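For reference, start-v6.pdb is printed below; it contains PDB, C-alpha atoms, pLDDT in the B column.
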ATOM      1  CA  MET A   1      19.542  -4.563  -2.634  1.00 50.00           C
ATOM      2  CA  GLU A   2      20.082  -5.438   1.017  1.00 63.00           C
ATOM      3  CA  PHE A   3      17.749  -3.947   3.582  1.00 66.00           C
ATOM      4  CA  ILE A   4      16.499  -4.741   7.064  1.00 75.00           C
ATOM      5  CA  GLU A   5      13.103  -3.058   7.244  1.00 84.00           C
ATOM      6  CA  VAL A   6      11.163  -0.267   5.612  1.00 89.00           C
ATOM      7  CA  GLU A   7       8.213   1.333   7.422  1.00 92.00           C
ATOM      8  CA  ILE A   8       5.986   3.857   5.708  1.00 94.00           C
ATOM      9  CA  THR A   9       2.973   5.748   7.019  1.00 95.00           C
ATOM     10  CA  LEU A  10       0.436   6.691   4.362  1.00 97.00           C
ATOM     11  CA  ALA A  11      -2.891   8.450   4.163  1.00 96.00           C
ATOM     12  CA  TYR A  12      -5.929   6.183   4.054  1.00 97.00           C
ATOM     13  CA  PRO A  13      -6.612   5.239   0.409  1.00 96.00           C
ATOM     14  CA  PRO A  14      -9.658   6.184  -1.612  1.00 94.00           C
ATOM     15  CA  SER A  15     -11.981   3.297  -2.392  1.00 90.00           C
ATOM     16  CA  GLY A  16     -10.780   1.035  -5.178  1.00 86.00           C
ATOM     17  CA  ASN A  17     -14.233   1.520  -6.679  1.00 84.00           C
ATOM     18  CA  HIS A  18     -13.432   5.224  -7.168  1.00 83.00           C
ATOM     19  CA  MET A  19      -9.958   4.923  -8.684  1.00 87.00           C
ATOM     20  CA  TRP A  20     -11.002   4.573 -12.322  1.00 88.00           C
ATOM     21  CA  LYS A  21     -13.833   6.113 -14.355  1.00 90.00           C
ATOM     22  CA  LYS A  22     -15.041   5.630 -17.911  1.00 90.00           C
ATOM     23  CA  THR A  23     -15.883   8.300 -20.432  1.00 90.00           C
ATOM     24  CA  LYS A  24     -19.049   8.102 -22.540  1.00 91.00           C
ATOM     25  CA  ALA A  25     -16.805   6.875 -25.358  1.00 93.00           C
ATOM     26  CA  GLY A  26     -15.681   3.966 -23.154  1.00 91.00           C
ATOM     27  CA  HIS A  27     -12.157   5.160 -22.387  1.00 91.00           C
ATOM     28  CA  THR A  28     -10.922   4.467 -18.855  1.00 91.00           C
ATOM     29  CA  TYR A  29      -9.052   7.130 -16.895  1.00 90.00           C
ATOM     30  CA  LEU A  30      -7.580   7.595 -13.438  1.00 90.00           C
ATOM     31  CA  THR A  31      -9.696   9.906 -11.253  1.00 92.00           C
ATOM     32  CA  PRO A  32      -8.235  13.074  -9.697  1.00 93.00           C
ATOM     33  CA  ASP A  33      -8.514  11.462  -6.223  1.00 93.00           C
ATOM     34  CA  ALA A  34      -6.542   8.473  -7.460  1.00 93.00           C
ATOM     35  CA  ARG A  35      -3.842  10.694  -8.987  1.00 95.00           C
ATOM     36  CA  ARG A  36      -3.524  12.645  -5.737  1.00 96.00           C
ATOM     37  CA  TYR A  37      -3.204   9.412  -3.750  1.00 96.00           C
ATOM     38  CA  TYR A  38      -0.564   7.984  -6.117  1.00 96.00           C
ATOM     39  CA  ASP A  39       1.379  11.271  -5.860  1.00 96.00           C
ATOM     40  CA  HIS A  40       1.121  11.178  -2.053  1.00 96.00           C
ATOM     41  CA  VAL A  41       2.419   7.595  -1.913  1.00 96.00           C
ATOM     42  CA  ARG A  42       5.271   8.370  -4.320  1.00 94.00           C
ATOM     43  CA  TRP A  43       6.304  11.312  -2.111  1.00 94.00           C
ATOM     44  CA  GLN A  44       6.092   9.208   1.088  1.00 93.00           C
ATOM     45  CA  VAL A  45       8.155   6.393  -0.438  1.00 93.00           C
ATOM     46  CA  THR A  46      10.800   8.863  -1.571  1.00 91.00           C
ATOM     47  CA  THR A  47      11.008  10.708   1.759  1.00 90.00           C
ATOM     48  CA  GLU A  48      10.399   7.918   4.297  1.00 86.00           C
ATOM     49  CA  ALA A  49      11.756   4.775   2.671  1.00 79.00           C
ATOM     50  CA  LYS A  50      14.844   6.356   1.094  1.00 74.00           C
ATOM     51  CA  MET A  51      15.170   3.257  -1.043  1.00 67.00           C
ATOM     52  CA  LEU A  52      13.266   2.281  -4.114  1.00 74.00           C
ATOM     53  CA  ASN A  53      12.734  -0.659  -6.391  1.00 82.00           C
ATOM     54  CA  LEU A  54      13.361  -3.500  -3.928  1.00 87.00           C
ATOM     55  CA  ASP A  55      14.131  -6.636  -5.906  1.00 88.00           C
ATOM     56  CA  SER A  56      13.915  -9.480  -3.372  1.00 88.00           C
ATOM     57  CA  GLU A  57      11.146 -11.639  -1.917  1.00 90.00           C
ATOM     58  CA  LEU A  58       9.234  -9.710   0.732  1.00 93.00           C
ATOM     59  CA  PHE A  59       7.179 -10.072   3.889  1.00 93.00           C
ATOM     60  CA  VAL A  60       4.689  -7.206   4.267  1.00 94.00           C
ATOM     61  CA  MET A  61       2.598  -6.191   7.262  1.00 94.00           C
ATOM     62  CA  CYS A  62      -0.110  -3.592   6.729  1.00 96.00           C
ATOM     63  CA  THR A  63      -2.340  -2.021   9.359  1.00 97.00           C
ATOM     64  CA  LEU A  64      -5.209   0.074   8.052  1.00 97.00           C
ATOM     65  CA  HIS A  65      -6.713   2.651  10.402  1.00 98.00           C
ATOM     66  CA  PRO A  66      -9.942   3.818   8.763  1.00 97.00           C
ATOM     67  CA  PRO A  67     -11.167   7.394   9.220  1.00 96.00           C
ATOM     68  CA  ASP A  68     -14.393   6.218  10.879  1.00 95.00           C
ATOM     69  CA  LYS A  69     -16.285   3.097  11.951  1.00 94.00           C
ATOM     70  CA  ARG A  70     -18.125   2.476   8.674  1.00 93.00           C
ATOM     71  CA  ARG A  71     -17.905  -1.011   7.191  1.00 93.00           C
ATOM     72  CA  ARG A  72     -15.065  -1.317   4.696  1.00 92.00           C
ATOM     73  CA  ASP A  73     -13.453  -3.956   2.545  1.00 91.00           C
ATOM     74  CA  LEU A  74      -9.925  -4.830   3.723  1.00 93.00           C
ATOM     75  CA  ASP A  75      -8.697  -6.307   0.451  1.00 92.00           C
ATOM     76  CA  ASN A  76     -10.143  -3.405  -1.582  1.00 92.00           C
ATOM     77  CA  ALA A  77      -8.123  -0.932   0.509  1.00 95.00           C
ATOM     78  CA  TRP A  78      -4.991  -3.115   0.333  1.00 96.00           C
ATOM     79  CA  LYS A  79      -5.226  -3.351  -3.466  1.00 95.00           C
ATOM     80  CA  VAL A  80      -5.107   0.452  -3.748  1.00 95.00           C
ATOM     81  CA  VAL A  81      -2.184   0.662  -1.289  1.00 97.00           C
ATOM     82  CA  SER A  82      -0.291  -2.171  -3.001  1.00 96.00           C
ATOM     83  CA  ASP A  83      -0.795  -0.755  -6.495  1.00 94.00           C
ATOM     84  CA  SER A  84       0.303   2.665  -5.230  1.00 95.00           C
ATOM     85  CA  LEU A  85       3.485   1.263  -3.667  1.00 95.00           C
ATOM     86  CA  THR A  86       4.277  -0.609  -6.879  1.00 95.00           C
ATOM     87  CA  LYS A  87       3.694   2.525  -8.945  1.00 93.00           C
ATOM     88  CA  ALA A  88       5.926   4.481  -6.510  1.00 94.00           C
ATOM     89  CA  ARG A  89       8.616   1.812  -7.055  1.00 92.00           C
ATOM     90  CA  LEU A  90       8.997   0.699  -3.449  1.00 93.00           C
ATOM     91  CA  TRP A  91       9.210  -2.783  -4.950  1.00 93.00           C
ATOM     92  CA  GLN A  92       9.410  -3.893  -8.548  1.00 92.00           C
ATOM     93  CA  ASP A  93       6.168  -5.861  -8.529  1.00 92.00           C
ATOM     94  CA  ASP A  94       3.738  -7.083  -5.897  1.00 90.00           C
ATOM     95  CA  HIS A  95       4.412 -10.692  -6.964  1.00 93.00           C
ATOM     96  CA  GLN A  96       7.547 -10.366  -4.787  1.00 94.00           C
ATOM     97  CA  ILE A  97       5.351 -10.450  -1.671  1.00 95.00           C
ATOM     98  CA  ARG A  98       5.663 -13.974  -0.302  1.00 93.00           C
ATOM     99  CA  ARG A  99       3.930 -13.311   2.989  1.00 91.00           C
ATOM    100  CA  LEU A 100       1.280 -10.709   3.732  1.00 94.00           C
ATOM    101  CA  VAL A 101      -0.424  -9.752   6.980  1.00 93.00           C
ATOM    102  CA  LEU A 102      -3.371  -7.351   6.671  1.00 96.00           C
ATOM    103  CA  GLN A 103      -5.202  -6.066   9.688  1.00 95.00           C
ATOM    104  CA  TRP A 104      -7.575  -3.362  10.785  1.00 96.00           C
ATOM    105  CA  GLY A 105      -6.392  -0.919  13.400  1.00 96.00           C
ATOM    106  CA  ASP A 106      -8.598   1.424  15.392  1.00 96.00           C
ATOM    107  CA  PRO A 107     -10.112   4.324  13.460  1.00 97.00           C
ATOM    108  CA  VAL A 108      -8.065   7.539  13.520  1.00 97.00           C
ATOM    109  CA  GLU A 109      -9.103  10.986  12.358  1.00 96.00           C
ATOM    110  CA  GLY A 110      -8.541  11.201   8.608  1.00 95.00           C
ATOM    111  CA  GLY A 111      -7.437   7.553   8.417  1.00 97.00           C
ATOM    112  CA  GLN A 112      -3.932   6.161   8.163  1.00 97.00           C
ATOM    113  CA  VAL A 113      -2.057   3.150   6.812  1.00 98.00           C
ATOM    114  CA  THR A 114       1.188   1.735   8.193  1.00 97.00           C
ATOM    115  CA  VAL A 115       3.156  -0.593   5.922  1.00 96.00           C
ATOM    116  CA  SER A 116       6.215  -2.492   7.144  1.00 93.00           C
ATOM    117  CA  VAL A 117       8.337  -4.360   4.604  1.00 92.00           C
ATOM    118  CA  PHE A 118      10.940  -6.973   5.516  1.00 90.00           C
ATOM    119  CA  PRO A 119      13.067  -9.420   3.546  1.00 89.00           C
ATOM    120  CA  ALA A 120      11.055 -12.666   3.406  1.00 86.00           C
ATOM    121  CA  GLU A 121      13.910 -14.820   4.714  1.00 78.00           C
ATOM    122  CA  VAL A 122      14.444 -12.706   7.848  1.00 66.00           C
ATOM    123  CA  ILE A 123      10.856 -13.018   9.023  1.00 50.00           C
ATOM    124  CA  ILE A 124      10.021 -16.536   7.862  1.00 47.00           C
ATOM    125  CA  GLU A 125      10.678 -18.021  11.333  1.00 49.00           C
ATOM    126  CA  ILE A 126       8.545 -15.507  13.228  1.00 49.00           C
ATOM    127  CA  ASN A 127       5.066 -16.704  14.094  1.00 52.00           C
ATOM    128  CA  VAL A 128       2.548 -13.948  13.330  1.00 52.00           C
ATOM    129  CA  SER A 129      -0.842 -14.455  14.909  1.00 53.00           C
TER
END
Could you render the structure as structure tokens?
Amino acid sequence: MEFIEVEITLAYPPSGNHMWKKTKAGHTYLTPDARRYYDHVRWQVTTEAKMLNLDSELFVMCTLHPPDKRRRDLDNAWKVVSDSLTKARLWQDDHQIRRLVLQWGDPVEGGQVTVSVFPAEVIIEINVS
């Protein structure tokens, strides 16, 4: 599938530490917060991206704007976003990401995540600092 760029704005993700819970019997389940976030991402991908299941190598830029100034783990938040985008079928699998830029943005009320996806070959010559 040919594309130039996809940009999606998402809600700030719940902590990766709160995505899964275990029952007393040892069964693992997705929490209600996690289900709501996955549903939100699926809806955003469907309405904003208008294309699903990208099948090429990708360059991804992600800016995370936390809801406040508390200390947070960048890769923990990205893992939730990435898994959500995979589950929403923006791309087939996150192994397609050949180049990834993660960065913190300024806090915004409620938090926000902006994800821009490009074909890897289009961006490969651009120097990102």
Between atom CA of A:Ala25 and atom CA of A:Ala77, measure the distance and give it in Å to one decimal.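 Going from atom CA of A:Ala25 over to atom CA of A:Ala77, I get 28.4 Å.
Of the residues listed (A:Trp91, A:Tyr29, A:Trp78, A:Phe118), A:Trp78 shows the shortest atom-to-atom separation from A:Tyr12; distances use only C-alpha atoms.
Nearest residue to A:Gly105, choosing from A:Lys50, A:Arg35, A:Arg42, A:His65 and counting only C-alpha atoms: A:His65.
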Would you translate the PyMOL selection byres ((chain A and resi 53) around 10) into the concrete set of residues it matches in this file, as a list in words? Met1, Met51, Leu52, Leu54, Asp55, Ser56, Leu85, Thr86, Lys87, Ala88, Arg89, Leu90, Trp91, Gln92 and Asp93 of chain A
Could you pull the residues within 10 Å of A:Gly111, counting only C-alpha atoms, minus those fewer than 2 positions along the same chain, as a list in words? Leu10, Ala11, Tyr12, Pro13, Leu64, His65, Pro66, Pro67, Asp68, Gly105, Asp106, Pro107, Val108, Glu109 and Val113 of chain A
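The residues caught by the PyMOL selection byres ((chain A and resi 14) around 9) in this file are Tyr12, Pro13, Ser15, Gly16, Asn17, His18, Met19, Asp33, Ala34, Tyr37, Ala77 and Val80 of chain A.
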Length of the atom CA of A:Ser84 to atom CA of A:Arg70 vector [Å]: 23.1 Å
Can you list, as an NGL selection string, the residues that the PyMOL selection byres ((chain A and resi 100) around 10) selects here? :A and (58-62 or 97-99 or 101-103 or 117 or 120)
From A:Val45, A:Lys21, A:Pro32, A:Tyr38, residue lying nearest A:Ser116 [all atoms listed in the file]: A:Val45
Could you please determine the separation between atom CA of A:Ile8 and atom CA of A:Ser82 in Å, to one decimal place?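 So the two atoms, atom CA of A:Ile8 and atom CA of A:Ser82, lie 12.3 Å apart.
Of the listed residues (A:Arg72, A:Thr46, A:Asp83, A:Val6), A:Val6 comes nearest to A:Val115; the distances count only C-alpha atoms.
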Could you check which residues have any atom within 6 Å of (15.1, -5.9, 5.4), counting only C-alpha atoms with coordinates taken straight from the file, and then list them as an MDAnalysis selection string? chainID A and resid 3:5 118:119
Would you please work out which residue, of A:Asp94, A:Glu57, A:Trp104, A:Asp75, is nearest to A:Glu121 when using only C-alpha atoms? A:Glu57
